[in-house]
$ cat entry.txt   # compact mmCIF, C-alpha atoms
# COMPACT_ATOMS: atom_id res chain seq x y z
CA MET A 1 -10.97 18.17 -3.82
CA SER A 2 -9.43 15.40 -5.87
CA HIS A 3 -11.56 13.49 -8.30
CA ALA A 4 -11.09 9.97 -9.55
CA ARG A 5 -9.24 9.76 -12.84
CA SER A 6 -10.52 6.21 -13.29
CA GLU A 7 -11.78 3.53 -10.92
CA TYR A 8 -10.70 0.12 -9.66
CA ALA A 9 -13.34 -1.57 -11.84
CA ASP A 10 -12.00 0.32 -14.87
CA PHE A 11 -8.51 -1.06 -14.26
CA LYS A 12 -9.87 -4.60 -13.97
CA ALA A 13 -11.79 -4.17 -17.25
CA LEU A 14 -8.97 -2.41 -19.17
CA ALA A 15 -6.11 -4.71 -18.20
CA PRO A 16 -7.47 -7.98 -16.78
CA ASP A 17 -4.12 -9.72 -17.29
CA VAL A 18 -2.26 -7.12 -15.22
CA PHE A 19 -5.04 -7.10 -12.64
CA GLU A 20 -4.90 -10.91 -12.23
CA THR A 21 -1.09 -10.94 -12.07
CA VAL A 22 -0.91 -8.30 -9.33
CA LEU A 23 -3.77 -9.99 -7.47
CA ALA A 24 -1.98 -13.36 -7.62
CA LEU A 25 1.29 -11.85 -6.38
CA GLY A 26 -0.54 -10.48 -3.35
CA GLN A 27 -2.23 -13.79 -2.58
CA PHE A 28 0.91 -15.95 -2.50
CA ALA A 29 1.87 -14.88 1.02
CA ALA A 30 -1.45 -15.94 2.53
CA THR A 31 -1.49 -19.24 0.65
CA ALA A 32 2.08 -19.85 1.89
CA GLY A 33 0.76 -19.63 5.45
CA LEU A 34 1.51 -16.08 6.58
CA ASP A 35 -1.11 -14.76 8.99
CA THR A 36 -3.87 -12.79 7.24
CA GLN A 37 -4.11 -10.27 10.09
CA LEU A 38 -0.39 -9.53 9.82
CA LEU A 39 -0.67 -9.17 6.05
CA GLU A 40 -3.53 -6.68 6.38
CA LEU A 41 -1.47 -4.56 8.80
CA VAL A 42 1.43 -4.60 6.33
CA LYS A 43 -0.82 -3.67 3.41
CA LEU A 44 -2.48 -0.92 5.41
CA ARG A 45 0.86 0.58 6.47
CA ALA A 46 2.26 0.60 2.92
CA SER A 47 -0.96 2.18 1.67
CA GLN A 48 -0.73 4.91 4.32
CA ILE A 49 2.84 5.70 3.31
CA ASN A 50 1.90 5.80 -0.38
CA GLY A 51 -1.18 7.94 0.16
CA CYS A 52 -3.60 5.54 -1.50
CA ALA A 53 -7.03 6.32 -0.02
CA PHE A 54 -8.71 3.40 -1.80
CA CYS A 55 -6.18 0.90 -0.44
CA VAL A 56 -6.19 2.38 3.08
CA GLN A 57 -9.95 1.97 3.24
CA TYR A 58 -9.90 -1.45 1.57
CA HIS A 59 -7.30 -2.88 3.97
CA THR A 60 -8.97 -1.30 6.99
CA LEU A 61 -12.19 -3.09 6.01
CA GLN A 62 -10.30 -6.32 5.27
CA GLY A 63 -8.50 -6.07 8.60
CA GLU A 64 -11.84 -5.73 10.39
CA LYS A 65 -13.17 -8.72 8.43
CA PHE A 66 -10.17 -10.84 9.48
CA GLY A 67 -10.46 -9.82 13.14
CA VAL A 68 -7.68 -7.25 13.49
CA SER A 69 -8.50 -5.13 16.52
CA ALA A 70 -9.68 -1.56 15.98
CA ASP A 71 -6.77 -0.39 18.14
CA LYS A 72 -4.21 -2.00 15.83
CA LEU A 73 -5.92 -0.67 12.72
CA ASN A 74 -6.03 2.83 14.20
CA LEU A 75 -2.49 2.77 15.56
CA VAL A 76 -0.60 1.07 12.74
CA VAL A 77 0.32 4.53 11.45
CA VAL A 78 2.29 5.06 14.72
CA TRP A 79 3.20 1.43 15.41
CA ARG A 80 6.59 2.29 16.91
CA GLU A 81 4.90 4.27 19.69
CA ALA A 82 2.11 1.74 20.35
CA GLN A 83 3.08 -1.20 22.54
CA LEU A 84 0.26 -3.49 21.38
CA PHE A 85 2.18 -4.79 18.35
CA SER A 86 4.08 -8.07 18.73
CA ALA A 87 7.77 -8.45 17.87
CA ARG A 88 6.74 -10.27 14.69
CA GLU A 89 4.33 -7.49 13.68
CA ARG A 90 6.98 -4.86 14.44
CA ALA A 91 9.51 -6.70 12.26
CA ALA A 92 6.97 -6.96 9.43
CA LEU A 93 6.04 -3.29 9.69
CA ALA A 94 9.69 -2.19 9.74
CA TRP A 95 10.34 -4.42 6.71
CA THR A 96 7.28 -2.90 4.99
CA GLU A 97 8.48 0.65 5.56
CA ALA A 98 12.00 -0.18 4.36
CA LEU A 99 10.68 -1.78 1.15
CA THR A 100 8.08 0.93 0.54
CA VAL A 101 10.48 3.85 1.00
CA LEU A 102 13.58 2.43 -0.67
CA ALA A 103 15.73 5.55 -0.40
CA GLY A 104 18.97 4.27 1.06
CA GLY A 105 17.96 0.62 0.82
CA VAL A 106 17.19 -1.75 3.69
CA SER A 107 19.40 -1.33 6.74
CA ASP A 108 21.22 -4.26 8.34
CA GLU A 109 19.24 -3.58 11.52
CA VAL A 110 15.85 -3.93 9.79
CA TYR A 111 17.07 -7.02 7.94
CA ALA A 112 18.27 -8.59 11.20
CA GLN A 113 14.95 -7.77 12.88
CA ALA A 114 13.03 -9.34 10.01
CA THR A 115 15.15 -12.48 9.83
CA ALA A 116 14.85 -12.94 13.60
CA GLU A 117 11.06 -13.19 13.25
CA PHE A 118 10.59 -14.76 9.80
CA SER A 119 12.14 -17.78 8.12
CA GLU A 120 13.87 -17.18 4.80
CA LYS A 121 10.82 -18.55 2.97
CA GLU A 122 8.36 -16.49 5.05
CA LEU A 123 10.36 -13.32 4.44
CA THR A 124 10.35 -14.00 0.71
CA TYR A 125 6.56 -14.33 0.71
CA LEU A 126 6.17 -11.29 2.98
CA THR A 127 8.31 -9.36 0.50
CA SER A 128 6.01 -10.49 -2.32
CA ALA A 129 2.98 -9.18 -0.40
CA ILE A 130 4.71 -5.85 0.18
CA ALA A 131 5.72 -5.64 -3.48
CA SER A 132 2.13 -6.36 -4.49
CA ILE A 133 0.54 -3.71 -2.27
CA ASN A 134 3.06 -1.18 -3.53
CA VAL A 135 1.97 -1.99 -7.10
CA TRP A 136 -1.70 -1.63 -6.13
CA ASN A 137 -0.87 1.69 -4.43
CA ARG A 138 0.75 2.98 -7.61
CA PHE A 139 -2.47 2.37 -9.51
CA GLY A 140 -4.86 3.50 -6.77
CA ALA A 141 -3.01 6.70 -5.90
CA SER A 142 -2.22 7.61 -9.53
CA TYR A 143 -5.80 7.17 -10.69
CA ARG A 144 -7.32 8.40 -7.40
CA TRP A 145 -9.60 5.41 -7.04
CA THR A 146 -12.63 6.20 -4.90
CA PRO A 147 -12.43 4.48 -1.49
CA LEU A 148 -15.07 1.84 -0.83
CA ALA A 149 -17.93 2.65 1.51
CA ARG A 150 -18.43 0.49 4.59
CA PRO A 151 -20.97 -2.27 3.86
CA SER A 152 -23.41 -0.90 6.45
CA VAL A 153 -23.24 2.51 4.76
CA GLN A 154 -23.93 0.92 1.36
CA LYS A 155 -26.99 -0.88 2.73
CA ALA A 156 -28.34 2.28 4.38
CA ALA A 157 -27.84 4.30 1.19
CA ALA A 158 -29.72 1.68 -0.84
CA SER A 159 -32.76 1.84 1.48
$ encode --input "entry.txt" --output "structure tokens"
Amino acid sequence: MSHARSEYADFKALAPDVFETVLALGQFAATAGLDTQLLELVKLRASQINGCAFCVQYHTLQGEKFGVSADKLNLVVVWREAQLFSARERAALAWTEALTVLAGGVSDEVYAQATAEFSEKELTYLTSAIASINVWNRFGASYRWTPLARPSVQKAAAS
């Protein structure tokens, strides 16, 4: 079993300037008006690809908090086979995968799909959110941050 090499709180304490910069980069897309549910699906998918357990759990919990359906959270890993994702979500998830696994670059097809659903400005902010989650994943996966417990589990354990 893997053990944490350091924790999320350690990163925040050791490099608060880096922490705040990466955090800010990730928040620009939401403040620019991109849907928070869509952003959580994107962040969850990138985290799955990168194998970051902390981030997968974090964005699953955030998705629940923002009202993403359990079906979407469970099926985002196989979004191409699940018909419940909108054209906009599919474009965002394809864009996420292309930017997360850069081998070979971004195809013209994925770019066309993304630009059909997002304005130039929206796509720029979506790209910033994807870049940010990929940075978080590099820290979380490298240091094996411990995934957060569900709030109800934390309360029960404290009793």
$ residues_around --input "entry.txt" --residues "A:Gly67" --least-positions-apart "2" --cutoff "12 Å" --atoms "all atoms listed in the file" --output "PyMOL selection string"
chain A and resi 35-38+40-41+59-65+69-73
$ closest_residue --input "entry.txt" --among "A:Pro151, A:Ala131, A:Thr146, A:Glu89" --to "A:Leu34" --atoms "all atoms listed in the file"
A:Glu89
$ closest_residue --input "entry.txt" --among "A:Phe19, A:Arg144, A:Arg138, A:Gln83" --to "A:Ala4" --atoms "only C-alpha atoms"
A:Arg144
$ residues_around --input "entry.txt" --residues "A:Trp79" --least-positions-apart "6" --cutoff "8 Å" --atoms "all atoms listed in the file" --output "count of residues only"
3
$ closest_residue --input "entry.txt" --among "A:Leu84, A:Leu39, A:Val78, A:Val135" --to "A:Leu23" --atoms "only C-alpha atoms"
A:Val135
$ closest_residue --input "entry.txt" --among "A:Thr100, A:Asn134, A:Ser142, A:Ser86" --to "A:Glu117" --atoms "all atoms listed in the file"
A:Ser86
$ residues_around --input "entry.txt" --residues "A:Ser6" --least-positions-apart "6" --cutoff "12 Å" --atoms "all atoms listed in the file" --output "CSV table (one decimal) with C-alpha atoms, in the coordinates of the input"
chain,number,residue,atom,x,y,z
A,12,LYS,CA,-9.9,-4.6,-14.0
A,13,ALA,CA,-11.8,-4.2,-17.2
A,14,LEU,CA,-9.0,-2.4,-19.2
A,54,PHE,CA,-8.7,3.4,-1.8
A,139,PHE,CA,-2.5,2.4,-9.5
A,140,GLY,CA,-4.9,3.5,-6.8
A,141,ALA,CA,-3.0,6.7,-5.9
A,142,SER,CA,-2.2,7.6,-9.5
A,143,TYR,CA,-5.8,7.2,-10.7
A,144,ARG,CA,-7.3,8.4,-7.4
A,145,TRP,CA,-9.6,5.4,-7.0
A,146,THR,CA,-12.6,6.2,-4.9
$ residues_around --input "entry.txt" --residues "A:Phe118" --least-positions-apart "3" --cutoff "12 Å" --atoms "all atoms listed in the file" --output "list in words"
Gly33, Leu34, Asp35, Ala87, Arg88, Glu89, Arg90, Ala91, Ala92, Trp95, Tyr111, Ala112, Gln113, Ala114, Thr115, Lys121, Glu122, Leu123, Thr124, Tyr125, Leu126 and Thr127 of chain A
$ atom_distance --input "entry.txt" --atom1 "atom CA of A:His3" --atom2 "atom CA of A:Val76"
26.8 Å
$ atom_distance --input "entry.txt" --atom1 "atom CA of A:Leu99" --atom2 "atom CA of A:Leu25"
15.7 Å
$ closest_residue --input "entry.txt" --among "A:Ser152, A:Ser119, A:Asn137, A:Ser128" --to "A:Gln48" --atoms "all atoms listed in the file"
A:Asn137
$ atom_distance --input "entry.txt" --atom1 "atom CA of A:Trp136" --atom2 "atom CA of A:Ser107"
24.7 Å
$ closest_residue --input "entry.txt" --among "A:Ala32, A:Ala15, A:Val42, A:Cys55" --to "A:Ala94" --atoms "all atoms listed in the file"
A:Val42
$ decode --input "entry.txt" --residues "stretch 40-155 of chain A" --atoms "C-alpha atoms" --output "PDB file, in the first residue's frame"
ATOM      1  CA  GLU A  40     -15.858  19.752 -11.623  1.00  0.00           C
ATOM      2  CA  LEU A  41     -16.394  17.095 -14.314  1.00  0.00           C
ATOM      3  CA  VAL A  42     -13.303  18.363 -16.148  1.00  0.00           C
ATOM      4  CA  LYS A  43     -11.210  18.384 -12.975  1.00  0.00           C
ATOM      5  CA  LEU A  44     -12.428  14.930 -12.011  1.00  0.00           C
ATOM      6  CA  ARG A  45     -11.607  13.492 -15.450  1.00  0.00           C
ATOM      7  CA  ALA A  46      -8.083  14.954 -15.500  1.00  0.00           C
ATOM      8  CA  SER A  47      -7.497  13.645 -11.981  1.00  0.00           C
ATOM      9  CA  GLN A  48      -8.620  10.158 -13.014  1.00  0.00           C
ATOM     10  CA  ILE A  49      -6.232  10.175 -15.963  1.00  0.00           C
ATOM     11  CA  ASN A  50      -3.356  11.385 -13.768  1.00  0.00           C
ATOM     12  CA  GLY A  51      -4.039   8.894 -10.989  1.00  0.00           C
ATOM     13  CA  CYS A  52      -4.380  11.492  -8.240  1.00  0.00           C
ATOM     14  CA  ALA A  53      -6.514   9.863  -5.533  1.00  0.00           C
ATOM     15  CA  PHE A  54      -6.704  13.052  -3.455  1.00  0.00           C
ATOM     16  CA  CYS A  55      -7.977  15.091  -6.409  1.00  0.00           C
ATOM     17  CA  VAL A  56     -10.417  12.401  -7.588  1.00  0.00           C
ATOM     18  CA  GLN A  57     -12.002  12.336  -4.144  1.00  0.00           C
ATOM     19  CA  TYR A  58     -11.879  16.119  -3.746  1.00  0.00           C
ATOM     20  CA  HIS A  59     -13.605  16.786  -7.082  1.00  0.00           C
ATOM     21  CA  THR A  60     -16.137  14.023  -6.524  1.00  0.00           C
ATOM     22  CA  LEU A  61     -17.105  15.706  -3.245  1.00  0.00           C
ATOM     23  CA  GLN A  62     -17.081  19.159  -4.886  1.00  0.00           C
ATOM     24  CA  GLY A  63     -19.212  17.846  -7.739  1.00  0.00           C
ATOM     25  CA  GLU A  64     -21.755  16.519  -5.237  1.00  0.00           C
ATOM     26  CA  LYS A  65     -21.703  19.874  -3.429  1.00  0.00           C
ATOM     27  CA  PHE A  66     -22.399  21.739  -6.696  1.00  0.00           C
ATOM     28  CA  GLY A  67     -25.231  19.382  -7.672  1.00  0.00           C
ATOM     29  CA  VAL A  68     -23.577  17.168 -10.283  1.00  0.00           C
ATOM     30  CA  SER A  69     -25.620  13.984 -10.504  1.00  0.00           C
ATOM     31  CA  ALA A  70     -24.179  10.790  -9.059  1.00  0.00           C
ATOM     32  CA  ASP A  71     -24.573   9.193 -12.495  1.00  0.00           C
ATOM     33  CA  LYS A  72     -22.348  11.809 -14.133  1.00  0.00           C
ATOM     34  CA  LEU A  73     -19.755  11.582 -11.376  1.00  0.00           C
ATOM     35  CA  ASN A  74     -19.696   7.792 -11.651  1.00  0.00           C
ATOM     36  CA  LEU A  75     -19.671   7.691 -15.442  1.00  0.00           C
ATOM     37  CA  VAL A  76     -17.271  10.521 -16.284  1.00  0.00           C
ATOM     38  CA  VAL A  77     -14.510   7.914 -16.540  1.00  0.00           C
ATOM     39  CA  VAL A  78     -16.422   6.392 -19.510  1.00  0.00           C
ATOM     40  CA  TRP A  79     -18.119   9.558 -20.759  1.00  0.00           C
ATOM     41  CA  ARG A  80     -17.902   8.546 -24.425  1.00  0.00           C
ATOM     42  CA  GLU A  81     -20.085   5.503 -23.745  1.00  0.00           C
ATOM     43  CA  ALA A  82     -22.590   7.296 -21.475  1.00  0.00           C
ATOM     44  CA  GLN A  83     -25.282   9.273 -23.290  1.00  0.00           C
ATOM     45  CA  LEU A  84     -26.143  11.537 -20.337  1.00  0.00           C
ATOM     46  CA  PHE A  85     -23.399  14.070 -21.118  1.00  0.00           C
ATOM     47  CA  SER A  86     -24.357  17.134 -23.167  1.00  0.00           C
ATOM     48  CA  ALA A  87     -22.505  18.185 -26.326  1.00  0.00           C
ATOM     49  CA  ARG A  88     -20.845  20.964 -24.313  1.00  0.00           C
ATOM     50  CA  GLU A  89     -19.725  18.537 -21.588  1.00  0.00           C
ATOM     51  CA  ARG A  90     -18.441  16.100 -24.216  1.00  0.00           C
ATOM     52  CA  ALA A  91     -16.436  18.870 -25.884  1.00  0.00           C
ATOM     53  CA  ALA A  92     -14.989  19.929 -22.519  1.00  0.00           C
ATOM     54  CA  LEU A  93     -14.094  16.353 -21.585  1.00  0.00           C
ATOM     55  CA  ALA A  94     -12.461  15.696 -24.972  1.00  0.00           C
ATOM     56  CA  TRP A  95     -10.516  18.964 -24.594  1.00  0.00           C
ATOM     57  CA  THR A  96      -9.497  17.908 -21.070  1.00  0.00           C
ATOM     58  CA  GLU A  97      -8.195  14.548 -22.243  1.00  0.00           C
ATOM     59  CA  ALA A  98      -6.290  16.123 -25.136  1.00  0.00           C
ATOM     60  CA  LEU A  99      -4.612  18.670 -22.837  1.00  0.00           C
ATOM     61  CA  THR A 100      -3.923  16.145 -20.072  1.00  0.00           C
ATOM     62  CA  VAL A 101      -2.362  13.533 -22.360  1.00  0.00           C
ATOM     63  CA  LEU A 102      -0.429  15.786 -24.724  1.00  0.00           C
ATOM     64  CA  ALA A 103       1.298  13.026 -26.693  1.00  0.00           C
ATOM     65  CA  GLY A 104       0.651  13.985 -30.295  1.00  0.00           C
ATOM     66  CA  GLY A 105      -0.910  17.328 -29.421  1.00  0.00           C
ATOM     67  CA  VAL A 106      -4.550  18.342 -29.812  1.00  0.00           C
ATOM     68  CA  SER A 107      -6.237  17.033 -32.946  1.00  0.00           C
ATOM     69  CA  ASP A 108      -8.122  19.303 -35.336  1.00  0.00           C
ATOM     70  CA  GLU A 109     -11.257  17.273 -34.578  1.00  0.00           C
ATOM     71  CA  VAL A 110     -11.068  17.905 -30.817  1.00  0.00           C
ATOM     72  CA  TYR A 111     -10.284  21.577 -31.431  1.00  0.00           C
ATOM     73  CA  ALA A 112     -13.269  21.908 -33.777  1.00  0.00           C
ATOM     74  CA  GLN A 113     -15.522  20.180 -31.238  1.00  0.00           C
ATOM     75  CA  ALA A 114     -14.336  22.517 -28.485  1.00  0.00           C
ATOM     76  CA  THR A 115     -14.682  25.691 -30.542  1.00  0.00           C
ATOM     77  CA  ALA A 116     -18.185  24.648 -31.614  1.00  0.00           C
ATOM     78  CA  GLU A 117     -19.279  24.633 -27.959  1.00  0.00           C
ATOM     79  CA  PHE A 118     -17.098  27.335 -26.360  1.00  0.00           C
ATOM     80  CA  SER A 119     -16.306  30.904 -27.349  1.00  0.00           C
ATOM     81  CA  GLU A 120     -12.643  31.786 -27.757  1.00  0.00           C
ATOM     82  CA  LYS A 121     -12.660  33.427 -24.319  1.00  0.00           C
ATOM     83  CA  GLU A 122     -14.474  30.499 -22.672  1.00  0.00           C
ATOM     84  CA  LEU A 123     -12.038  28.015 -24.190  1.00  0.00           C
ATOM     85  CA  THR A 124      -9.106  30.050 -22.890  1.00  0.00           C
ATOM     86  CA  TYR A 125     -10.539  29.970 -19.366  1.00  0.00           C
ATOM     87  CA  LEU A 126     -11.429  26.275 -19.672  1.00  0.00           C
ATOM     88  CA  THR A 127      -7.823  25.657 -20.709  1.00  0.00           C
ATOM     89  CA  SER A 128      -6.635  27.527 -17.613  1.00  0.00           C
ATOM     90  CA  ALA A 129      -8.806  25.288 -15.402  1.00  0.00           C
ATOM     91  CA  ILE A 130      -7.414  22.174 -17.084  1.00  0.00           C
ATOM     92  CA  ALA A 131      -3.860  23.474 -16.722  1.00  0.00           C
ATOM     93  CA  SER A 132      -4.501  24.149 -13.042  1.00  0.00           C
ATOM     94  CA  ILE A 133      -5.905  20.708 -12.232  1.00  0.00           C
ATOM     95  CA  ASN A 134      -2.982  19.115 -14.036  1.00  0.00           C
ATOM     96  CA  VAL A 135      -0.621  21.103 -11.788  1.00  0.00           C
ATOM     97  CA  TRP A 136      -2.560  20.027  -8.679  1.00  0.00           C
ATOM     98  CA  ASN A 137      -2.442  16.418  -9.916  1.00  0.00           C
ATOM     99  CA  ARG A 138       1.338  16.597 -10.256  1.00  0.00           C
ATOM    100  CA  PHE A 139       1.620  17.552  -6.601  1.00  0.00           C
ATOM    101  CA  GLY A 140      -1.097  15.226  -5.289  1.00  0.00           C
ATOM    102  CA  ALA A 141       0.038  12.145  -7.190  1.00  0.00           C
ATOM    103  CA  SER A 142       3.760  12.764  -6.599  1.00  0.00           C
ATOM    104  CA  TYR A 143       3.356  13.242  -2.863  1.00  0.00           C
ATOM    105  CA  ARG A 144       0.502  10.713  -2.563  1.00  0.00           C
ATOM    106  CA  TRP A 145      -1.748  13.096  -0.682  1.00  0.00           C
ATOM    107  CA  THR A 146      -4.299  11.248   1.422  1.00  0.00           C
ATOM    108  CA  PRO A 147      -7.822  11.563  -0.041  1.00  0.00           C
ATOM    109  CA  LEU A 148     -10.318  13.473   2.072  1.00  0.00           C
ATOM    110  CA  ALA A 149     -12.984  11.552   3.948  1.00  0.00           C
ATOM    111  CA  ARG A 150     -16.626  12.319   3.240  1.00  0.00           C
ATOM    112  CA  PRO A 151     -17.951  14.875   5.753  1.00  0.00           C
ATOM    113  CA  SER A 152     -20.466  12.390   7.173  1.00  0.00           C
ATOM    114  CA  VAL A 153     -17.628   9.905   7.753  1.00  0.00           C
ATOM    115  CA  GLN A 154     -15.580  12.587   9.535  1.00  0.00           C
ATOM    116  CA  LYS A 155     -18.501  13.410  11.835  1.00  0.00           C
TER     117      LYS A 155
END
